[in-house]
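J.: Here it is, the structure in full.
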Amino acid sequence: MKKIFAAAAVAATVFASCFSLGAKDRKEVLKVYNWSDYIAEGVIADFEQWYFEQTGEQIEVSYMTFDVNEAMLSKIEKGQEDYDVVCPSDYIIERMLNNNLLLPLDFAALPDSINYIYKYRSPYIEKMFRSINPAIDANNYSVAYMWGTTGILYNSDKVPAEDVATWDVIRNPKYAGKVLMKDAPRDVYGPVLIYLKQKELAEGTVTLQDLMMDSSAESIAAVKEYLLECKKGVCGWEADLGKELMTKERALVSLNWSGDAVWAIEEAAEVGVNLDYTVPEEGSTVWFDGWVIPKYAKNVKAATYFIDFMCRPDIAIRNMDETGYVASNGAWEVLESQIDPEYEPINLSYFFGEEADSVCVNPVLYPDQAVIDRCALEHDWGEKTEDLLSMWQDVKGSKAGASTYIIIGAVILAIVAAVVFSRRSKNGRGKRPARRR
Ligand code: N2P
């Protein structure tokens with residue numbers, strides 16, 4: 001429930017800022033457009049203070065959120081908003097680069113003493129960003145924020161591990177009516193296609209990378225047919241509420257991102273519900289969200305400082321601890337903050353360097369090399385993206401099904417909780433605790 005309280009608090013902040021920003025000079029405003037539930041409480045206010053200390057200039061952040069990559073992209077492509085800094089996923093960064101929508105980043109403008117970007121960038125992240133767009137090095141236009149895998153979050157009391165070793169668990173009749181799908185077409189398409197082509201993958205006639213580029217009518221049709229079968233058992237298409245529905249056991253299986261899984265596993269444990277997360281054996285996608293400055297930006301200087309501030313290790317740790325997602329920050333301090341002897345040692349030398357070849361950290365946060373080896377990066381499909389989006393709409397359909405009612409129910413619950421919260425706040429209670437570690 002604390003997530004709902006936090007959402008209500010963010011909504012109130014955004015509402016309030018709409019009024020206060022009206023009178024501001026645009027140069028004193030930084031428009032940030034980020035995923036929802038993707039930053040720690042207080043970080044924005046701390047940035048405003050830090051920016052003033054560094055530059056002697058006032059800045060007020062106008063913070064807006066989105067839940068779906070494609071919805072965010074459409075606003076940028078239409079030039080509807082002059083956002084200064086945005087956080088798209090890899091394949092969207094690729095598309096923005098192809099369509100000349102981004103400004104190159106200039107971190108030379110930052111004083112050396114506060115230049116955190118290159119100092120703490122993981123070699124893995126740098127390599128993966130180079131592979132985002134074969135034509136243009138994305139490292140010159142984007143700085144990674146969070147990253148993770150796509151996999152299955154499941155109720156480990158009710159779903160045996162062997163059932164989630166395969167993506168086909170989302171079609172397993174045993175869990176009909178208890179399956180949640182991420183409302184993210186590319187992140188569902190990739191795993192389903194990998195599942196459908198597992199024989200070809202095993203034989204070596206296709207690679208994971210080939211599948212990430214496969215926008216053929218034949219493959220889209222095959223994924224559609226599979227998803228229509230799954231739909232009978234799907235109880236919701238969610239962008240952000242899935243993790244809570246899992247903690248409340250309204251669903252047992254959720255195709256989800258590793259960060260939402262970490263958050264849900266820890267929240268569920270507090271109420272005696274056992275959740276776990278796995279990346280199915282057939283393979284999956286690894287994704288990266290990165291800060292970019294769109295070409296319509298009006299405050300490039302503050303945007304550059306903002307991106308830099310997000311790379312400060314203590315800020316990265318706060319964002320990780322509260323959201324459940326993993327920072328792309330390769331600082332040793334970040335790794336140390338996550339060490340917990342409760343976990344089995346894993347090899348993270350690919351991310352933190354040779355010394356990290358046996359570290360006890362949560363493997364859902366930081367996937368072991370073996371998981372990384374069976375994951376691939378999604379790529380932009382250009383014009384063909386429309387075919388995917390149209391297939392997605394066909395699959396989800398326009399009629400209200402069980403999923404719609406679940407989401408409507410959750411929204412009503414959120415509104416009731418927000419009202420209760422605002423009453424409690426007036427009495428000086430209701431402060432949101434940080435995510436348990
Ligand atoms: C957090 C969204 C994470 C986006 N609410 C994963 N690409």
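Numbering starts fresh at 1 for the residues of each chain in the structure tokens, the chains themselves are lettered A, B, ... in the order given, and ligands are numbered from 1 as they appear.
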Could you find all residues in range 168-330 of chain A that DSSP calls strand (DSSP E or B) from the backbone, and write them as a PyMOL selection string?

T.: chain A and resi 179-182+234-238+253-257+275-278+284-292+294+326-327+329

J.: Which residues of chain A come within 6 Å of ligand 1, and what is each one's closest atom pair and distance in Å (one decimal), counting only C-alpha atoms and all ligand atoms, sorted by chain and residue number, as a tab-separated table?

T.:
```
residue	atom	partner	partner_atom_place_in_ligand_line	distance
A:Trp35	CA	ligand 1	2 (C)	5.2
A:Ser36	CA	ligand 1	5 (N)	4.7
A:Asp37	CA	ligand 1	5 (N)	4.6
A:Tyr38	CA	ligand 1	1 (C)	5.1
A:Ser89	CA	ligand 1	7 (N)	5.8
A:Asp240	CA	ligand 1	5 (N)	5.8
A:Asp289	CA	ligand 1	7 (N)	5.8
```

J.: At a cut-off of 6 Å, using only C-alpha atoms, what residues contact Ser254 in chain A? Leave out same-chain residues fewer than 3 positions from it and give the result as a compact mmCIF listing (two decimals) with N, CA, C and O atoms, in the first residue's frame.

T.:
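Writing done, so here's selection.txt:
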```
# COMPACT_ATOMS: atom_id res chain seq x y z
N ILE A 152 10.10 -14.01 -15.25
CA ILE A 152 8.83 -14.40 -14.61
C ILE A 152 8.93 -14.20 -13.10
O ILE A 152 9.79 -14.79 -12.44
N LEU A 153 8.05 -13.35 -12.59
CA LEU A 153 7.87 -13.20 -11.14
C LEU A 153 6.75 -14.18 -10.78
O LEU A 153 5.72 -14.19 -11.45
N VAL A 179 -2.62 -14.98 -14.34
CA VAL A 179 -1.40 -14.58 -15.06
C VAL A 179 -1.47 -13.09 -15.41
O VAL A 179 -2.48 -12.63 -15.95
N LEU A 180 -0.41 -12.38 -15.09
CA LEU A 180 -0.33 -10.95 -15.44
C LEU A 180 0.68 -10.75 -16.56
O LEU A 180 1.77 -11.34 -16.53
N MET A 181 0.31 -9.90 -17.50
CA MET A 181 1.25 -9.58 -18.60
C MET A 181 1.67 -8.13 -18.49
O MET A 181 0.84 -7.27 -18.19
```

J.: Out of range 190-423 of chain A, which residues get alpha helix (DSSP H) from DSSP, as a ChimeraX atom specification?

T.: /A:190-196,198-203,208-212,217-231,242-247,258-270,300-310,313-323,332-338,349-352,369-373,385-396,402-423

J.: Find the nearest atom pair between each residue of range 266-306 of chain A and range 365-380 of chain A for residues within 6 Å, count only C-alpha atoms, give distances in Å to one decimal, sort rows by chain and ascending number, and present the table as JSON lines.

T.:
```
{"residue": "A:Gly283", "atom": "CA", "partner": "A:Arg374", "partner_atom": "CA", "distance": 4.8}
{"residue": "A:Ser284", "atom": "CA", "partner": "A:Cys375", "partner_atom": "CA", "distance": 4.7}
{"residue": "A:Thr285", "atom": "CA", "partner": "A:Cys375", "partner_atom": "CA", "distance": 4.7}
{"residue": "A:Val286", "atom": "CA", "partner": "A:Leu377", "partner_atom": "CA", "distance": 5.5}
```

J.: Now that the selection is made, can you save its residues with N, CA, C and O atoms as a PDB file, in the first residue's frame?

T.:
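New file part_9.pdb:
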```pdb
ATOM      1  N   GLY A 283      15.750 -18.317 -22.799  1.00  0.00           N
ATOM      2  CA  GLY A 283      16.443 -17.047 -23.071  1.00  0.00           C
ATOM      3  C   GLY A 283      15.483 -15.882 -22.888  1.00  0.00           C
ATOM      4  O   GLY A 283      14.276 -16.078 -22.698  1.00  0.00           O
ATOM      5  N   SER A 284      16.024 -14.663 -22.929  1.00  0.00           N
ATOM      6  CA  SER A 284      15.168 -13.497 -22.700  1.00  0.00           C
ATOM      7  C   SER A 284      15.851 -12.227 -23.217  1.00  0.00           C
ATOM      8  O   SER A 284      16.805 -12.301 -23.987  1.00  0.00           O
ATOM      9  N   THR A 285      15.319 -11.110 -22.732  1.00  0.00           N
ATOM     10  CA  THR A 285      15.909  -9.838 -23.118  1.00  0.00           C
ATOM     11  C   THR A 285      16.555  -9.177 -21.900  1.00  0.00           C
ATOM     12  O   THR A 285      16.100  -9.340 -20.770  1.00  0.00           O
ATOM     13  N   VAL A 286      17.622  -8.459 -22.163  1.00  0.00           N
ATOM     14  CA  VAL A 286      18.239  -7.609 -21.143  1.00  0.00           C
ATOM     15  C   VAL A 286      17.990  -6.181 -21.645  1.00  0.00           C
ATOM     16  O   VAL A 286      18.063  -5.923 -22.844  1.00  0.00           O
TER      17      VAL A 286
END
```

J.: Nearest to Leu101 in chain A: which of A:Tyr154, A:Asp260, A:Ala297, A:Glu53 is it, counting only C-alpha atoms?

T.: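 Closest candidate: A:Ala297.
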
J.: Extract, using only C-alpha atoms, all DNA, RNA and protein residues at most 9 Å from range 42-51 of chain A, discarding same-chain residues fewer than 5 positions from it, and format them as a PyMOL selection string.

T.: chain A and resi 56-61+63+302+305-306+309-310+315+318-319

J.: Suppose we keep N, CA, C and O atoms; can you now write the selection as a PDB file, in the first residue's frame?

T.:
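Below is the file part23.pdb, written as the result:
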```pdb
ATOM      1  N   GLY A  56      25.264  28.285  -8.329  1.00  0.00           N
ATOM      2  CA  GLY A  56      24.723  29.550  -7.825  1.00  0.00           C
ATOM      3  C   GLY A  56      23.418  29.919  -8.512  1.00  0.00           C
ATOM      4  O   GLY A  56      22.912  31.028  -8.363  1.00  0.00           O
ATOM      5  N   GLU A  57      22.851  28.953  -9.291  1.00  0.00           N
ATOM      6  CA  GLU A  57      21.608  29.237 -10.017  1.00  0.00           C
ATOM      7  C   GLU A  57      20.466  28.413  -9.436  1.00  0.00           C
ATOM      8  O   GLU A  57      20.649  27.248  -9.093  1.00  0.00           O
ATOM      9  N   GLN A  58      19.292  29.056  -9.376  1.00  0.00           N
ATOM     10  CA  GLN A  58      18.099  28.341  -8.898  1.00  0.00           C
ATOM     11  C   GLN A  58      17.564  27.447 -10.016  1.00  0.00           C
ATOM     12  O   GLN A  58      17.586  27.842 -11.178  1.00  0.00           O
ATOM     13  N   ILE A  59      17.078  26.273  -9.636  1.00  0.00           N
ATOM     14  CA  ILE A  59      16.385  25.433 -10.622  1.00  0.00           C
ATOM     15  C   ILE A  59      15.192  24.792  -9.931  1.00  0.00           C
ATOM     16  O   ILE A  59      15.254  24.447  -8.765  1.00  0.00           O
ATOM     17  N   GLU A  60      14.103  24.696 -10.686  1.00  0.00           N
ATOM     18  CA  GLU A  60      12.943  23.980 -10.143  1.00  0.00           C
ATOM     19  C   GLU A  60      12.611  22.855 -11.110  1.00  0.00           C
ATOM     20  O   GLU A  60      12.446  23.081 -12.312  1.00  0.00           O
ATOM     21  N   VAL A  61      12.555  21.647 -10.594  1.00  0.00           N
ATOM     22  CA  VAL A  61      12.308  20.497 -11.465  1.00  0.00           C
ATOM     23  C   VAL A  61      10.806  20.297 -11.645  1.00  0.00           C
ATOM     24  O   VAL A  61      10.048  20.253 -10.680  1.00  0.00           O
ATOM     25  N   TYR A  63       8.614  17.472 -12.730  1.00  0.00           N
ATOM     26  CA  TYR A  63       8.838  16.032 -12.874  1.00  0.00           C
ATOM     27  C   TYR A  63       7.570  15.350 -13.390  1.00  0.00           C
ATOM     28  O   TYR A  63       6.528  15.403 -12.745  1.00  0.00           O
ATOM     29  N   ALA A 302      21.198  22.482 -17.111  1.00  0.00           N
ATOM     30  CA  ALA A 302      20.648  21.817 -15.923  1.00  0.00           C
ATOM     31  C   ALA A 302      20.409  20.333 -16.204  1.00  0.00           C
ATOM     32  O   ALA A 302      20.570  19.487 -15.310  1.00  0.00           O
ATOM     33  N   TYR A 305      23.689  18.559 -15.699  1.00  0.00           N
ATOM     34  CA  TYR A 305      23.971  18.414 -14.260  1.00  0.00           C
ATOM     35  C   TYR A 305      23.066  17.338 -13.638  1.00  0.00           C
ATOM     36  O   TYR A 305      23.486  16.578 -12.771  1.00  0.00           O
ATOM     37  N   PHE A 306      21.816  17.295 -14.087  1.00  0.00           N
ATOM     38  CA  PHE A 306      20.876  16.306 -13.529  1.00  0.00           C
ATOM     39  C   PHE A 306      21.372  14.881 -13.822  1.00  0.00           C
ATOM     40  O   PHE A 306      21.407  14.018 -12.935  1.00  0.00           O
ATOM     41  N   PHE A 309      24.262  14.111 -11.634  1.00  0.00           N
ATOM     42  CA  PHE A 309      23.845  13.888 -10.231  1.00  0.00           C
ATOM     43  C   PHE A 309      23.324  12.461 -10.048  1.00  0.00           C
ATOM     44  O   PHE A 309      23.588  11.800  -9.031  1.00  0.00           O
ATOM     45  N   MET A 310      22.611  11.967 -11.052  1.00  0.00           N
ATOM     46  CA  MET A 310      22.053  10.603 -10.967  1.00  0.00           C
ATOM     47  C   MET A 310      23.152   9.543 -10.972  1.00  0.00           C
ATOM     48  O   MET A 310      22.924   8.404 -10.599  1.00  0.00           O
ATOM     49  N   ILE A 315      23.545   8.614  -4.644  1.00  0.00           N
ATOM     50  CA  ILE A 315      22.213   8.832  -5.236  1.00  0.00           C
ATOM     51  C   ILE A 315      21.759   7.548  -5.934  1.00  0.00           C
ATOM     52  O   ILE A 315      20.599   7.134  -5.822  1.00  0.00           O
ATOM     53  N   ARG A 318      20.480   5.168  -3.318  1.00  0.00           N
ATOM     54  CA  ARG A 318      19.136   5.533  -2.833  1.00  0.00           C
ATOM     55  C   ARG A 318      18.068   5.132  -3.847  1.00  0.00           C
ATOM     56  O   ARG A 318      17.018   4.586  -3.495  1.00  0.00           O
ATOM     57  N   ASN A 319      18.339   5.419  -5.124  1.00  0.00           N
ATOM     58  CA  ASN A 319      17.346   5.077  -6.154  1.00  0.00           C
ATOM     59  C   ASN A 319      17.147   3.570  -6.244  1.00  0.00           C
ATOM     60  O   ASN A 319      16.023   3.086  -6.387  1.00  0.00           O
TER      61      ASN A 319
END
```

J.: Within 10 Å of Pro191 in chain A, counting only C-alpha atoms, which residues qualify if same-chain residues fewer than 5 places away don't, as a PDB file with C-alpha atoms, in the first residue's frame?

T.:
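Printed below is around_7.pdb as written:
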```
ATOM      1  CA  THR A 150      12.666  -9.546 -18.364  1.00  0.00           C
ATOM      2  CA  GLY A 151      11.506 -12.739 -16.691  1.00  0.00           C
ATOM      3  CA  TRP A 167       7.982 -18.999 -20.808  1.00  0.00           C
ATOM      4  CA  ASP A 168       5.111 -21.357 -21.545  1.00  0.00           C
ATOM      5  CA  ARG A 186       8.316  -5.308 -27.263  1.00  0.00           C
ATOM      6  CA  LEU A 196       8.499 -20.213 -30.215  1.00  0.00           C
ATOM      7  CA  LYS A 197      11.914 -20.422 -31.900  1.00  0.00           C
ATOM      8  CA  LEU A 211      15.176 -12.719 -33.148  1.00  0.00           C
ATOM      9  CA  MET A 212      15.443  -9.231 -31.688  1.00  0.00           C
ATOM     10  CA  VAL A 223       3.378 -14.399 -31.580  1.00  0.00           C
ATOM     11  CA  LEU A 255       5.776 -11.570 -16.962  1.00  0.00           C
ATOM     12  CA  VAL A 279      14.710 -15.847 -16.388  1.00  0.00           C
ATOM     13  CA  PRO A 280      13.342 -18.884 -18.287  1.00  0.00           C
ATOM     14  CA  GLU A 282      14.894 -20.528 -23.423  1.00  0.00           C
ATOM     15  CA  GLY A 283      16.443 -17.047 -23.071  1.00  0.00           C
ATOM     16  CA  SER A 284      15.168 -13.497 -22.700  1.00  0.00           C
ATOM     17  CA  THR A 285      15.909  -9.838 -23.118  1.00  0.00           C
ATOM     18  CA  CYS A 375      19.731 -12.607 -22.937  1.00  0.00           C
TER      19      CYS A 375
END
```

J.: Got a sec: who's within 10 Å of Glu249 in chain A, counting only C-alpha atoms, leaving out chain neighbours fewer than 2 positions off, as an NGL selection string?

T.: :A and (154-155 or 158 or 178 or 243-247 or 251-253 or 268 or 273-275)

J.: Go ahead and write the selection's residues with C-alpha atoms as a CSV table (one decimal), in the first residue's frame.

T.:
```csv
chain,number,residue,atom,x,y,z
A,154,TYR,CA,5.9,-16.0,-9.5
A,155,ASN,CA,4.4,-17.2,-6.2
A,158,LYS,CA,1.9,-22.2,-5.5
A,178,LYS,CA,-3.9,-15.8,-12.4
A,243,LYS,CA,3.9,-6.1,-8.5
A,244,GLU,CA,1.2,-5.1,-6.0
A,245,LEU,CA,-1.3,-7.6,-7.4
A,246,MET,CA,1.4,-10.3,-6.9
A,247,THR,CA,2.1,-9.3,-3.3
A,251,ALA,CA,-2.1,-13.3,-9.5
A,252,LEU,CA,0.5,-16.1,-9.3
A,253,VAL,CA,2.6,-15.6,-12.4
A,268,ALA,CA,5.5,-9.8,-0.2
A,273,VAL,CA,3.8,-14.2,0.8
A,274,ASN,CA,6.7,-15.9,-1.0
A,275,LEU,CA,7.6,-14.6,-4.4
```
